[in-house]
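**Student:** The following block contains the structure, expressed as structure tokens.
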Amino acid sequence: MALQDVCKWQALDTQGPSPHLPEAGGWAVPRGCDPQTFLQIYGPRLAHGTTTLAFRFRHGVIAAADTRSSCGSYVACPASRKIIPVHQHLLGTTSGTSADCVTWYRVLQRELRLRELREGQLPSVAGTAKLLSAMLSRYRGLDLCVATALCGWDHSGPALFYVYSDGTCLQGDIFSVGSGSPYAYGVLDRSYHYDMTVQEAYTLARCAVTHATHRDAYSGGSVDLFHVRETGWEYVSRSDAYVLYMELQKAPGLEQEQELEAEAAQVHPELATPQDAEEGGELSMEQEEATPEDSRIIAKTEMV
């Protein structure tokens, strides 16, 4: 009662979600207009993009994202934070409209806090994902744009869920959201495995986001890296994306290939190189060819 008296708010249903937002039919639109049709015709259409990713492995969940917030061709903020802590053991990546993501995460944080006060414990990661999905699905068709990956650790271990603004809720090991996600998936699918070490996971996450920022015009700035452990989430680092990409470009890829070729030659010394084959071919051709003078000398020798 004390919390309700201070906030001057009375919950209609203490067991269900209670977002402080108008109902689906309560948006301020002209009379006689369908809200979905009105927003599709007159709503703003600004191109926006980002690169966020999260993957689950033996030592927890890794979440990484770039820091560029764009509004069309305008970079609104080069150092925004797209990974939002929900509580001590739960993080969420944000992709879509920044205002929608921040608003709904505030609503989610409040709902989790109220549920903790009522039940004495926080819900699991799966329960949190279902709660957010249920709240977002009530506003389906109203041009909300929220795509998030919930990363957490509960009694069942590390967990990862993807939630979209239409109510979609998926569980998986790897998720990448945003306009740069195809490039990030290319790096993740090549090098990801569940039994990675912590340093390998950090390197993989930085590499995936860095390559995405290089190819995607709407992603850039820096690379934020978080790690969710059994003891709670940890903010690992923020690194400049351009510096990381230049370091990747300076990696000795050609020297490694040469070392591999040298090792293969030591293991199989009897194999000939293409140059040796060409030289041997030239020698054999020279031995096979005969001039007219040679044939005359051979004929005279037989006569003698």
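Quick note on naming: the chains in the structure tokens go A, B, ... in the order shown, residues restart at 1 in each chain, and ligands are numbered from 1 in order of appearance.
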What are the DSSP strand (DSSP E) residues of region 136-261 of chain A, as a VMD selection string?
**Tutor:** chain A and resid 146 to 154 157 to 164 169 to 171 174 to 177 222 to 229 232 to 240
**Student:** With only C-alpha atoms as the basis for distance, which of A:His193, A:His211, A:Arg206, A:His87 is at the shortest distance from Gly180 (chain A)?
**Tutor:**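 With only C-alpha atoms as the atom set, the closest residue is A:His211.
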**Student:** Using backbone DSSP assignments, extract all alpha helix (DSSP H) residues from region 52-191 of chain A; output them as a PyMOL selection string.
**Tutor:** chain A and resi 98-119+125-137+181-191
**Student:** What is the distance between CA of Asp189 (chain A) and CA of Ile174 (chain A), in Å to one decimal?
**Tutor:**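 Pair CA of Asp189 (chain A) / CA of Ile174 (chain A) returns 8.9 Å.
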**Student:** Do a neighbour search on Ser222 (chain A) at 6 Å with only C-alpha atoms, toss out local chain neighbours closer than 3 positions, and write the hits as a compact mmCIF listing (two decimals) with N, CA, C and O atoms, in the first residue's frame.
**Tutor:**
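Output file part.txt is given in full below:
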# COMPACT_ATOMS: atom_id res chain seq x y z
N ASP A 66 27.40 -2.04 -31.45
CA ASP A 66 28.06 -0.79 -31.81
C ASP A 66 27.39 0.36 -31.05
O ASP A 66 26.45 0.15 -30.28
N THR A 67 27.87 1.58 -31.26
CA THR A 67 27.38 2.72 -30.47
C THR A 67 26.85 3.85 -31.33
O THR A 67 26.63 4.95 -30.82
N SER A 239 35.68 -0.37 -27.16
CA SER A 239 36.82 -0.21 -28.06
C SER A 239 36.38 0.49 -29.33
O SER A 239 35.27 0.27 -29.82
N ASP A 240 37.27 1.33 -29.86
CA ASP A 240 36.98 2.03 -31.11
C ASP A 240 36.90 1.03 -32.26
O ASP A 240 37.82 0.21 -32.46
N ALA A 241 35.83 1.10 -33.04
CA ALA A 241 35.63 0.12 -34.12
C ALA A 241 36.68 0.26 -35.21
O ALA A 241 37.14 -0.74 -35.78
**Student:** Give me, as a CSV table (one decimal) with all heavy atoms, in the first residue's frame, all polymer residues having an atom no more than 6 Å from region 144-148 of chain A, counting only C-alpha atoms and skipping those fewer than 5 positions away in the same chain.
**Tutor:**
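Contents of the output file out.csv:
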chain,number,residue,atom,x,y,z
A,93,THR,N,19.9,-6.3,-25.3
A,93,THR,CA,20.4,-5.5,-26.5
A,93,THR,C,19.2,-4.8,-27.1
A,93,THR,O,18.1,-5.3,-27.1
A,93,THR,CB,21.1,-6.4,-27.5
A,93,THR,OG1,20.1,-7.3,-28.1
A,93,THR,CG2,22.2,-7.2,-26.9
A,94,THR,N,19.4,-3.6,-27.6
A,94,THR,CA,18.3,-2.8,-28.2
A,94,THR,C,18.6,-2.6,-29.7
A,94,THR,O,19.7,-2.2,-30.1
A,94,THR,CB,18.2,-1.5,-27.5
A,94,THR,OG1,19.4,-0.7,-27.6
A,94,THR,CG2,17.9,-1.7,-26.0
A,95,SER,N,17.6,-2.8,-30.5
A,95,SER,CA,17.6,-2.6,-31.9
A,95,SER,C,16.3,-2.1,-32.4
A,95,SER,O,15.3,-2.7,-32.0
A,95,SER,CB,18.1,-3.8,-32.7
A,95,SER,OG,18.1,-3.6,-34.1
A,96,GLY,N,16.2,-1.1,-33.2
A,96,GLY,CA,15.0,-0.5,-33.6
A,96,GLY,C,14.9,1.0,-33.3
A,96,GLY,O,15.9,1.7,-33.4
A,97,THR,N,13.8,1.5,-32.9
A,97,THR,CA,13.6,2.9,-32.5
A,97,THR,C,14.1,3.0,-31.1
A,97,THR,O,13.6,2.3,-30.2
A,97,THR,CB,12.1,3.3,-32.6
A,97,THR,OG1,11.7,3.0,-33.9
A,97,THR,CG2,12.0,4.8,-32.3
A,101,CYS,N,12.6,1.4,-27.5
A,101,CYS,CA,13.4,0.4,-26.7
A,101,CYS,C,13.6,0.9,-25.3
A,101,CYS,O,13.4,0.1,-24.3
A,101,CYS,CB,14.8,0.2,-27.4
A,101,CYS,SG,14.7,-0.6,-29.0
A,162,TYR,N,15.2,-14.1,-27.9
A,162,TYR,CA,15.0,-13.0,-28.8
A,162,TYR,C,13.5,-12.6,-28.7
A,162,TYR,O,12.6,-13.5,-28.9
A,162,TYR,CB,15.4,-13.4,-30.2
A,162,TYR,CG,14.9,-12.4,-31.3
A,162,TYR,CD1,15.5,-11.2,-31.5
A,162,TYR,CD2,13.8,-12.7,-32.1
A,162,TYR,CE1,15.1,-10.3,-32.5
A,162,TYR,CE2,13.4,-11.9,-33.1
A,162,TYR,CZ,14.0,-10.7,-33.3
A,162,TYR,OH,13.5,-9.8,-34.2
A,163,VAL,N,13.2,-11.3,-28.6
A,163,VAL,CA,11.9,-10.8,-28.5
A,163,VAL,C,11.7,-9.7,-29.5
A,163,VAL,O,12.5,-8.8,-29.6
A,163,VAL,CB,11.5,-10.3,-27.1
A,163,VAL,CG1,10.1,-9.8,-27.0
A,163,VAL,CG2,11.7,-11.4,-26.1
A,164,TYR,N,10.6,-9.7,-30.2
A,164,TYR,CA,10.3,-8.7,-31.2
A,164,TYR,C,9.0,-8.0,-30.8
A,164,TYR,O,8.2,-8.5,-30.1
A,164,TYR,CB,10.2,-9.3,-32.6
A,164,TYR,CG,10.1,-8.3,-33.7
A,164,TYR,CD1,11.1,-7.3,-33.9
A,164,TYR,CD2,9.0,-8.2,-34.6
A,164,TYR,CE1,11.0,-6.3,-34.9
A,164,TYR,CE2,8.9,-7.3,-35.6
A,164,TYR,CZ,9.9,-6.4,-35.8
A,164,TYR,OH,9.8,-5.4,-36.7
A,165,SER,N,8.8,-6.8,-31.4
A,165,SER,CA,7.6,-6.0,-31.0
A,165,SER,C,6.3,-6.6,-31.5
A,165,SER,O,5.3,-6.1,-31.0
A,165,SER,CB,7.8,-4.6,-31.6
A,165,SER,OG,8.1,-4.6,-33.0
**Student:** Measuring between only C-alpha atoms, which one of A:Gly178, A:Gly152, A:Gly72, A:Gly141 shows the shortest distance to His59 (chain A)?
**Tutor:**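 Using only C-alpha atoms, the shortest distance to His59 (chain A) belongs to A:Gly152.
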**Student:** I'd like a table as a Markdown table: residues in region 140-215 of chain A with an atom no more than 12 Å from region 114-133 of chain A, each row giving the shortest atom pair and its distance in Å to one decimal, only C-alpha atoms counted, sorted by chain and rising residue number.
**Tutor:**
| residue | atom | partner | partner_atom | distance |
| --- | --- | --- | --- | --- |
| A:Arg140 | CA | A:Ser133 | CA | 10.6 |
| A:Val146 | CA | A:Ser133 | CA | 10.4 |
| A:Ala147 | CA | A:Ser133 | CA | 10.5 |
| A:Thr148 | CA | A:Ala129 | CA | 9.7 |
| A:Ala149 | CA | A:Ala129 | CA | 9.0 |
| A:Leu150 | CA | A:Ala129 | CA | 7.0 |
| A:Cys151 | CA | A:Val125 | CA | 7.6 |
| A:Gly152 | CA | A:Val125 | CA | 6.0 |
| A:Trp153 | CA | A:Val125 | CA | 7.1 |
| A:Asp154 | CA | A:Ser124 | CA | 5.8 |
| A:His155 | CA | A:Ser124 | CA | 7.6 |
| A:Ser156 | CA | A:Ser124 | CA | 8.6 |
| A:Gly157 | CA | A:Val125 | CA | 9.8 |
| A:Pro158 | CA | A:Val125 | CA | 8.9 |
| A:Ala159 | CA | A:Val125 | CA | 6.6 |
| A:Leu160 | CA | A:Val125 | CA | 7.7 |
| A:Phe161 | CA | A:Ala129 | CA | 6.6 |
| A:Tyr162 | CA | A:Ala129 | CA | 7.7 |
| A:Val163 | CA | A:Ser133 | CA | 6.2 |
| A:Tyr164 | CA | A:Ser133 | CA | 7.2 |
| A:Ser165 | CA | A:Ser133 | CA | 7.3 |
| A:Asp166 | CA | A:Ser133 | CA | 7.8 |
| A:Gly167 | CA | A:Ser133 | CA | 4.6 |
| A:Thr168 | CA | A:Ser133 | CA | 6.5 |
| A:Cys169 | CA | A:Ser133 | CA | 6.3 |
| A:Leu170 | CA | A:Ala129 | CA | 8.8 |
| A:Gln171 | CA | A:Ala126 | CA | 8.4 |
| A:Gly172 | CA | A:Ala126 | CA | 11.4 |
**Student:** Since we have the selection now, will you write its residues out, keeping C-alpha atoms, as a PDB file, in the first residue's frame?
**Tutor:**
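Generated file (selection.pdb):
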ATOM      1  CA  ARG A 140       0.924  -4.946 -32.469  1.00  0.00           C
ATOM      2  CA  VAL A 146      11.610  -3.074 -30.694  1.00  0.00           C
ATOM      3  CA  ALA A 147      13.943  -6.002 -31.356  1.00  0.00           C
ATOM      4  CA  THR A 148      15.924  -7.215 -28.385  1.00  0.00           C
ATOM      5  CA  ALA A 149      18.015 -10.130 -27.195  1.00  0.00           C
ATOM      6  CA  LEU A 150      17.620 -10.893 -23.489  1.00  0.00           C
ATOM      7  CA  CYS A 151      20.833 -12.323 -22.010  1.00  0.00           C
ATOM      8  CA  GLY A 152      20.813 -13.698 -18.498  1.00  0.00           C
ATOM      9  CA  TRP A 153      21.788 -16.373 -16.000  1.00  0.00           C
ATOM     10  CA  ASP A 154      19.214 -18.051 -13.783  1.00  0.00           C
ATOM     11  CA  HIS A 155      18.780 -21.388 -11.972  1.00  0.00           C
ATOM     12  CA  SER A 156      18.956 -23.258 -15.316  1.00  0.00           C
ATOM     13  CA  GLY A 157      22.255 -21.647 -16.335  1.00  0.00           C
ATOM     14  CA  PRO A 158      23.004 -19.178 -19.137  1.00  0.00           C
ATOM     15  CA  ALA A 159      19.969 -18.340 -21.267  1.00  0.00           C
ATOM     16  CA  LEU A 160      19.339 -16.267 -24.391  1.00  0.00           C
ATOM     17  CA  PHE A 161      15.989 -15.156 -25.862  1.00  0.00           C
ATOM     18  CA  TYR A 162      14.983 -12.969 -28.806  1.00  0.00           C
ATOM     19  CA  VAL A 163      11.860 -10.790 -28.484  1.00  0.00           C
ATOM     20  CA  TYR A 164      10.293  -8.669 -31.223  1.00  0.00           C
ATOM     21  CA  SER A 165       7.638  -5.966 -31.045  1.00  0.00           C
ATOM     22  CA  ASP A 166       4.972  -8.165 -32.688  1.00  0.00           C
ATOM     23  CA  GLY A 167       5.160 -10.615 -29.784  1.00  0.00           C
ATOM     24  CA  THR A 168       7.707 -13.039 -31.243  1.00  0.00           C
ATOM     25  CA  CYS A 169       9.718 -14.882 -28.572  1.00  0.00           C
ATOM     26  CA  LEU A 170      12.503 -17.291 -29.571  1.00  0.00           C
ATOM     27  CA  GLN A 171      15.182 -19.160 -27.651  1.00  0.00           C
ATOM     28  CA  GLY A 172      18.595 -19.900 -29.149  1.00  0.00           C
TER      29      GLY A 172
END
**Student:** State, in Å with one decimal place, the distance from CA of Tyr183 (chain A) to CA of Gly220 (chain A).
**Tutor:**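 Going from CA of Tyr183 (chain A) over to CA of Gly220 (chain A) covers 13.2 Å.
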**Student:** Would you mind reading off the distance between CA of Pro182 (chain A) and CA of Glu200 (chain A), one decimal, in Å?
**Tutor:**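 CA of Pro182 (chain A) sits 20.9 Å away from CA of Glu200 (chain A).
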